[in-house]
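Read through the structure below, which is laid out as structure tokens, and then see the notes.
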Amino acid sequence: GEQVEQLPSSLIVQEGASVLINCSYTDSASVYFPWYKQEPGKRLQFIIDIRSNMERKQNQRLTLLFDKKTKHLSLHITATQPGDSAIYFCSARPVGGSNAKLTFGKGTKLSVKS
Amino acid sequence: EAAVTQSPRSKVAVTGGKVTLSCHQTNNHDYMYWYRQDTGHGLRLIHYSYVADSTEKGDIPDGYKASRPSQENFSLILELASLSQTAVYFCASSAGYEQYFGPGTRLTVL
């Protein structure tokens with residue numbers, strides 16, 4: 001089945017810095033890649049997604065890059081704030097139907113120091 | 001905004017006992033999911049359902065059963081709870097691509 005890997009597993013940055021979170025997947029049938037943020041003790045919240053027919057998507061301070069050939073994604077967060085401190089999860093899923101299930105990476109714990 | 005609720009929010013169970021975790025969604029979504037979260041493992045899919053009265057096995061179904069009696073409700077059942085099932089359990093629902101998560105249930109098996 002699908003496997004999703006994330007690197008790094010954790011990082012600590014100063015407020016205002018930019019960060020890059022890398023994600024790779026194995027199944028070429030995956031076509032949709034949502035990212036979620038989980039603040040301490042809270043539920044997962046959707047933050048950005050990309051489909052396999054796109055190369056780049058931006059949402060304010062978040063930029064998501066996708067390389068179908070290498071099966072690799074990168075989440076770039078600029079001008080980080082303490083409120084960005086959370087675990088970030090990359091995930092992948094195939095086209096819908098009965099197989100519409102997400103496979104998650106293990107997460108990247110981001111700590112932003114003020 | 002999507003509304004997914006879970007009950008109980010936390011539970012302590014004894015080894016060998018039966019545990020039922022409940023999930024309720026008011027979004028009219030067809031798909032519902034149960035995940036467990038363990039430190040260092042991210043989220044792993046246990047069971048899911050895309051229609052009432054039907055459930056599918058996820059990636060780690062052993063030791064768990066699921067029940068979807070209606071579109072709104074999805075339960076996770078541990079018939080014989082074990083120490084290894086101590087984790088945080090999340091329910092989610094979706095109509096298509098984006099999943100909406102519940103607040104989680106922290107289960108401790110002693």
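FYI, nothing fancy with the structure tokens labels: chains A, B, ... in order, residues from 1 per chain, ligands from 1 as they appear.
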
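Close contacts of B:Ser70, defined as residues with an atom at most 7 Å away when counting only C-alpha atoms, with chain neighbours fewer than 2 positions off set aside, comprise Ala52, Asp53, Arg68, Glu72 and Asn73 of chain B.
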
**OP:** Go through stretch 14-75 of chain B and collect every residue that DSSP, computed from the backbone, puts in strand (DSSP E or B); the answer should be as a PyMOL selection string.
**Re:** chain B and resi 19-25+31-38+42-51+54-57+65-67+73-75

Take the residues from that selection and put them in a file with C-alpha atoms, as a PDB file, in the first residue's frame.
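What ended up in part-v7.pdb:
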ATOM      1  CA  VAL B  19     -14.782  -0.386  24.840  1.00  0.00           C
ATOM      2  CA  THR B  20     -17.041   1.507  22.453  1.00  0.00           C
ATOM      3  CA  LEU B  21     -16.021   4.850  21.008  1.00  0.00           C
ATOM      4  CA  SER B  22     -18.716   6.888  19.308  1.00  0.00           C
ATOM      5  CA  CYS B  23     -18.601   9.459  16.539  1.00  0.00           C
ATOM      6  CA  HIS B  24     -21.389  11.684  15.284  1.00  0.00           C
ATOM      7  CA  GLN B  25     -21.356  14.046  12.304  1.00  0.00           C
ATOM      8  CA  TYR B  31     -17.540   8.865   4.301  1.00  0.00           C
ATOM      9  CA  MET B  32     -16.475   8.336   7.902  1.00  0.00           C
ATOM     10  CA  TYR B  33     -13.136   7.151   9.270  1.00  0.00           C
ATOM     11  CA  TRP B  34     -11.498   5.980  12.467  1.00  0.00           C
ATOM     12  CA  TYR B  35      -7.787   6.638  13.049  1.00  0.00           C
ATOM     13  CA  ARG B  36      -5.467   6.070  15.929  1.00  0.00           C
ATOM     14  CA  GLN B  37      -2.615   8.383  16.731  1.00  0.00           C
ATOM     15  CA  ASP B  38       0.520   7.249  18.492  1.00  0.00           C
ATOM     16  CA  GLY B  42       1.254   9.757  12.892  1.00  0.00           C
ATOM     17  CA  LEU B  43      -2.314   8.722  12.107  1.00  0.00           C
ATOM     18  CA  ARG B  44      -3.153   5.218  11.013  1.00  0.00           C
ATOM     19  CA  LEU B  45      -6.482   4.203   9.527  1.00  0.00           C
ATOM     20  CA  ILE B  46      -8.378   1.500  11.430  1.00  0.00           C
ATOM     21  CA  HIS B  47     -11.756   1.278   9.683  1.00  0.00           C
ATOM     22  CA  TYR B  48     -13.787   3.433   7.367  1.00  0.00           C
ATOM     23  CA  SER B  49     -17.228   3.501   5.809  1.00  0.00           C
ATOM     24  CA  TYR B  50     -18.694   5.084   2.705  1.00  0.00           C
ATOM     25  CA  VAL B  51     -22.312   4.125   3.292  1.00  0.00           C
ATOM     26  CA  SER B  54     -21.256  -1.065   5.632  1.00  0.00           C
ATOM     27  CA  THR B  55     -17.685  -0.800   6.893  1.00  0.00           C
ATOM     28  CA  GLU B  56     -14.281  -1.402   5.358  1.00  0.00           C
ATOM     29  CA  LYS B  57     -10.983  -2.414   6.897  1.00  0.00           C
ATOM     30  CA  LYS B  65     -14.620  -3.649  14.899  1.00  0.00           C
ATOM     31  CA  ALA B  66     -16.657  -0.820  13.436  1.00  0.00           C
ATOM     32  CA  SER B  67     -20.352  -0.138  13.093  1.00  0.00           C
ATOM     33  CA  ASN B  73     -23.004   7.703  13.433  1.00  0.00           C
ATOM     34  CA  PHE B  74     -19.883   5.568  13.328  1.00  0.00           C
ATOM     35  CA  SER B  75     -18.642   3.520  16.266  1.00  0.00           C
TER      36      SER B  75
END

Using only C-alpha atoms, tabulate the residues of chain A lying at most 7 Å from any atom of chain B, each with its closest atom pair and that distance in Å to one decimal, by chain and increasing residue number, as a tab-separated table.
residue	atom	partner	partner_atom	distance
A:Lys42	CA	B:Pro103	CA	6.3
A:Arg43	CA	B:Pro103	CA	4.7
A:Leu44	CA	B:Phe101	CA	6.0
A:Ser98	CA	B:Tyr50	CA	6.7
A:Phe104	CA	B:Leu43	CA	6.0
A:Gly105	CA	B:Gly42	CA	6.1
A:Lys106	CA	B:Gly42	CA	3.9
A:Gly107	CA	B:Gly42	CA	5.8

Could you turn the residues from that selection into a file that holds N, CA, C and O atoms, as a compact mmCIF listing (two decimals), in the first residue's frame?
# COMPACT_ATOMS: atom_id res chain seq x y z
N LYS A 42 -5.22 19.46 20.15
CA LYS A 42 -6.36 19.83 19.31
C LYS A 42 -6.58 18.83 18.17
O LYS A 42 -5.77 17.93 17.94
N ARG A 43 -7.69 19.00 17.47
CA ARG A 43 -7.98 18.15 16.32
C ARG A 43 -7.15 18.59 15.12
O ARG A 43 -6.62 19.69 15.09
N LEU A 44 -7.04 17.73 14.14
CA LEU A 44 -6.35 18.08 12.91
C LEU A 44 -7.20 19.08 12.12
O LEU A 44 -8.43 18.94 12.01
N SER A 98 -14.71 3.51 -3.26
CA SER A 98 -14.57 2.75 -2.02
C SER A 98 -13.15 2.79 -1.48
O SER A 98 -12.91 2.43 -0.34
N PHE A 104 -1.32 8.89 5.91
CA PHE A 104 -0.62 10.01 6.52
C PHE A 104 0.86 9.72 6.73
O PHE A 104 1.25 8.58 6.99
N GLY A 105 1.66 10.78 6.66
CA GLY A 105 3.03 10.69 7.13
C GLY A 105 3.03 10.74 8.65
O GLY A 105 1.99 10.95 9.28
N LYS A 106 4.21 10.58 9.23
CA LYS A 106 4.31 10.56 10.69
C LYS A 106 4.29 11.95 11.31
O LYS A 106 4.23 12.08 12.53
N GLY A 107 4.37 12.96 10.47
CA GLY A 107 4.26 14.30 10.99
C GLY A 107 5.60 14.99 11.20
O GLY A 107 6.63 14.33 11.40

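In terms of minimum interatomic distance to A:Gln81, A:Arg61 ranks closest within A:Ser24, A:Arg61, A:Arg51, A:Gln3, counting only C-alpha atoms.
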
**OP:** With a distance cut-off of 7 Å and only C-alpha atoms, select the neighbouring residues of A:Ile12, excluding the residue or stretch itself and same-chain residues fewer than 3 positions from it, and output the selection as a count of residues only.
**Re:** 3

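The gap separating atom CA of A:Val31 from atom CA of A:Ile48 is 14.5 Å, in Å to one decimal.
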
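Interatomic distance, atom CA of A:Trp35 against atom CA of B:Ile60: 21.6 Å.
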
**OP:** Go ahead and compute the interatomic distance for atom CA of B:Leu78 and atom CA of A:Arg93, in Å to one decimal.
**Re:**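 If I compute the distance from atom CA of B:Leu78 to atom CA of A:Arg93, I get 26.8 Å.
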
Original post:
Which residue gives the smallest distance to A:Glu39 among A:Lys109, A:Arg56, A:Lys101, A:His72, with only C-alpha atoms counted?
Top reply: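 Closest to A:Glu39, using only C-alpha atoms: A:Lys109.
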